[in-house]
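Have a look at the structure below, then the notes.
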Amino acid sequence: MTVRGPLRGILLAASLVLATGFVWAAFNPAPHTGGDNAGYLALAHALIEGEGYVDAFDPLRAPHTKYPPLFALLLAAAATLGASTWSAFKALVAVATVFGVGVTFLWAERRLGPWRAFGVSVLVAASAGVVYYSHWILSDPVFVLLTIVALWALERGEARSWDPRWIAAGCLAALGAYFTRSAGLPLLVAVLVWLALRRRFRLLAFAAVAFAVPAGLWLVRGLGTGVGDYGAEFWLVDPYEPGLGTVGLGGLAGRALGNGVAYATRHLPAAIVGTQGLWTLALGVALLATAAWGWWRRAREKPAVAELFLPLYLGLILLWPEVWGGDRFVLPVLPLLLVYAAVALEGWTRRLGGGARVVAAAALLVALIPALGSWVGAVSDARACASVVEEQGPFACYGPRVTEFVEAAAWMGGALPEGSAVMTRKPRIFYLMSAGVPSRTFPFVPDPAAHLAEADAVGARYVLLDRWDGQAGRFVGAAVQARPGAFCFVRGFGPGQVGSSQLLGILPPELRTDGTSGPGGVSVAMCPADYLRPGAGGGPDGVGGRAGPVAGDAARIPLFYSSVP
């Protein structure tokens, strides 16, 4: 056995140990406030309950067609094996992150040698984005792991005289990446193009069928069904504000330019060092420029799947809506960019002899030192949040705006009649925290007719006017102000006479009036008693509260809810 063999094993083990340390020390037990985390758990719950791959949180329980099912299946398997807490499900993601670093070393080692590959894997493990997303219930770390496994296995298969076992493993990993995130489509295309360029037509036919059948079934399943669709949302100026309209081909060019600047100057450096500023802007631009040269050196010689995948994936994230951009979408290509940067540095410093190692080490430290500083801050934040979570509950770290929402969801889970549905800002989190009350996001428009029509379509009798991020105030508040006679008051949550957040009832069509509003607030009547379960506690000053349901009583809702925060 050569010296390189034991060295490879030692450095691989060191990479895994360091990655484990980075992830474990910065582990934050609080749930993420994004809906995707709860959405994946809701999908897993539906699978466990035998309902199929449906949006269990939605009142219509529509088939889910937006997120591919592999990550939800992994969560369902973890739940079947006993996982039942936020931290337990997060552990699955943390493990995927650590293994992703290990496979990054194995793939990079084939291209750079053990020491440079070790430097790449250490920087990946310490990167702010990798550490941050390692403790949320999101599919990104699993997607990154499967993507790098695919690149490594396919290159290994080619190096071993096109060993069909490795090629099959790489194709299976690529298909798994696609069924983890739709952004895996460029990887499938890259594999097929690579096999065609290598003139491996038998393997190409095998891969094409292996990809086309399950991917085609998934695409067909989503035609005309489900809530939310990437294809339709792609053309919106802002998927979170559909009223802004769509973009054309000219708009895509402007979008690509805007995304390109954002990724080069903000998202890429933030994924590595976790901060923004003039020097991080320079870091992002320098890394991209260096990686582009390294990519070109490899691509013009004999492009492998990685050389094909990188431009396809970057093209995808440059063309989609700018509001979707962020450091999380850098993670799948971060190992590639670092490897290509190392290739470029190796070419530029080859004549320096031993000095090339000094240059490579200095380049590594330029990014690694600030990344470690960001990690130290993440560790401090995680420890502070852990103590708050232990004392006050899982969402306590996020302040009263979020805890009011969680308090309202938990209360409604025991107080609303069976079969109730609610319009909310965060329907997936609401579903989990209310122990199964279905919910639909209210329309992001101020028109009361749109809110009432959506509520009627899904059978929702309630809407939560919360303070999560101001969107409820902006849209629901404006709708209530425009037509207060279509709503009634159930209960308030948080400080104030009627609470800072209010649960409103939506009156049936035959009882709706226009109502009136005056300076300083909007008056809505108290809801009838049947808006709560018999014996359910209401208040403060709401249905079932201290005063009880009194016909003609009204609650005063502050007008600030209709203003833009």
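Letters for chains follow the order of the structure tokens (A, B, ...), residue numbers begin at 1 for each chain, and ligand numbers begin at 1 in the order shown.
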Find the nearest atom pair between each residue of segment 24-52 of chain A and segment 389-392 of chain A for residues within 10 Å, count only C-alpha atoms, give distances in Å to one decimal, sort rows by chain and ascending number, and present the table as CSV.
residue,atom,partner,partner_atom,distance
A:Asn28,CA,A:Val389,CA,9.6
A:Pro29,CA,A:Val389,CA,7.4
A:Ala30,CA,A:Val389,CA,6.6
A:Pro31,CA,A:Val389,CA,9.7
Within 9 Å of segment 437-446 of chain A using only C-alpha atoms, minus same-chain residues under 4 positions, as number ranges by chain: A: 56-61, 240-243, 409, 412-413, 416, 418-428, 430-433, 450-451, 454-455, 458, 460, 463, 471-472, 474-480, 482, 562
Could those residues be written to a file, using C-alpha atoms, as a PDB file, in the first residue's frame?
ATOM      1  CA  ALA A  56     -52.057  17.481   5.118  1.00  0.00           C
ATOM      2  CA  PHE A  57     -51.947  21.074   6.392  1.00  0.00           C
ATOM      3  CA  ASP A  58     -54.242  22.287   3.611  1.00  0.00           C
ATOM      4  CA  PRO A  59     -58.035  22.177   4.080  1.00  0.00           C
ATOM      5  CA  LEU A  60     -58.446  20.484   0.685  1.00  0.00           C
ATOM      6  CA  ARG A  61     -55.593  18.028   1.341  1.00  0.00           C
ATOM      7  CA  TYR A 240     -44.942  36.267  -2.925  1.00  0.00           C
ATOM      8  CA  GLU A 241     -46.823  39.131  -4.586  1.00  0.00           C
ATOM      9  CA  PRO A 242     -48.598  37.677  -7.631  1.00  0.00           C
ATOM     10  CA  GLY A 243     -50.295  41.006  -8.254  1.00  0.00           C
ATOM     11  CA  ALA A 409     -52.194  27.945  17.031  1.00  0.00           C
ATOM     12  CA  MET A 412     -57.067  26.861  18.468  1.00  0.00           C
ATOM     13  CA  GLY A 413     -56.066  23.211  18.357  1.00  0.00           C
ATOM     14  CA  LEU A 416     -62.103  25.300  17.545  1.00  0.00           C
ATOM     15  CA  GLU A 418     -63.886  19.698  14.664  1.00  0.00           C
ATOM     16  CA  GLY A 419     -63.399  20.259  10.949  1.00  0.00           C
ATOM     17  CA  SER A 420     -62.422  23.907  11.292  1.00  0.00           C
ATOM     18  CA  ALA A 421     -60.011  25.576   8.867  1.00  0.00           C
ATOM     19  CA  VAL A 422     -58.121  28.838   9.283  1.00  0.00           C
ATOM     20  CA  MET A 423     -56.516  31.374   6.945  1.00  0.00           C
ATOM     21  CA  THR A 424     -53.034  32.182   8.306  1.00  0.00           C
ATOM     22  CA  ARG A 425     -49.632  33.591   7.359  1.00  0.00           C
ATOM     23  CA  LYS A 426     -47.762  30.351   8.084  1.00  0.00           C
ATOM     24  CA  PRO A 427     -50.188  27.472   7.443  1.00  0.00           C
ATOM     25  CA  ARG A 428     -47.633  24.680   7.747  1.00  0.00           C
ATOM     26  CA  PHE A 430     -49.821  26.499  12.209  1.00  0.00           C
ATOM     27  CA  TYR A 431     -50.796  22.930  11.299  1.00  0.00           C
ATOM     28  CA  LEU A 432     -48.030  21.430  13.422  1.00  0.00           C
ATOM     29  CA  MET A 433     -48.445  23.718  16.420  1.00  0.00           C
ATOM     30  CA  ALA A 450     -60.404  37.877  -2.709  1.00  0.00           C
ATOM     31  CA  HIS A 451     -60.016  36.937   0.974  1.00  0.00           C
ATOM     32  CA  GLU A 454     -60.513  32.024  -0.941  1.00  0.00           C
ATOM     33  CA  ALA A 455     -61.928  31.287   2.519  1.00  0.00           C
ATOM     34  CA  VAL A 458     -61.518  25.973   1.211  1.00  0.00           C
ATOM     35  CA  ALA A 460     -62.306  28.366   6.290  1.00  0.00           C
ATOM     36  CA  VAL A 463     -58.486  34.190   9.752  1.00  0.00           C
ATOM     37  CA  GLN A 471     -48.090  40.673   5.918  1.00  0.00           C
ATOM     38  CA  ALA A 472     -51.297  39.915   7.821  1.00  0.00           C
ATOM     39  CA  ARG A 474     -50.891  44.652   5.230  1.00  0.00           C
ATOM     40  CA  PHE A 475     -53.393  42.405   3.492  1.00  0.00           C
ATOM     41  CA  VAL A 476     -55.844  40.941   6.022  1.00  0.00           C
ATOM     42  CA  GLY A 477     -55.993  44.201   7.945  1.00  0.00           C
ATOM     43  CA  ALA A 478     -56.764  46.132   4.784  1.00  0.00           C
ATOM     44  CA  ALA A 479     -59.506  43.645   3.867  1.00  0.00           C
ATOM     45  CA  VAL A 480     -61.084  43.893   7.321  1.00  0.00           C
ATOM     46  CA  ALA A 482     -62.601  47.730   3.826  1.00  0.00           C
ATOM     47  CA  SER A 562     -53.829  47.911   7.551  1.00  0.00           C
TER      48      SER A 562
END
Atom CA of Gly170 of chain A to atom CA of Leu188 of chain A: how many Å, to one decimal? 10.5 Å
Which of segment 354-431 of chain A counts as helix (DSSP H, G or I) under DSSP, as a ChimeraX atom specification please? /A:355-392,396-398,400-415,427-431
Which is closer to Leu336 of chain A than all the others in A:Ser127, A:Gln502, A:Ser380, A:Thr147, using only C-alpha atoms? A:Thr147
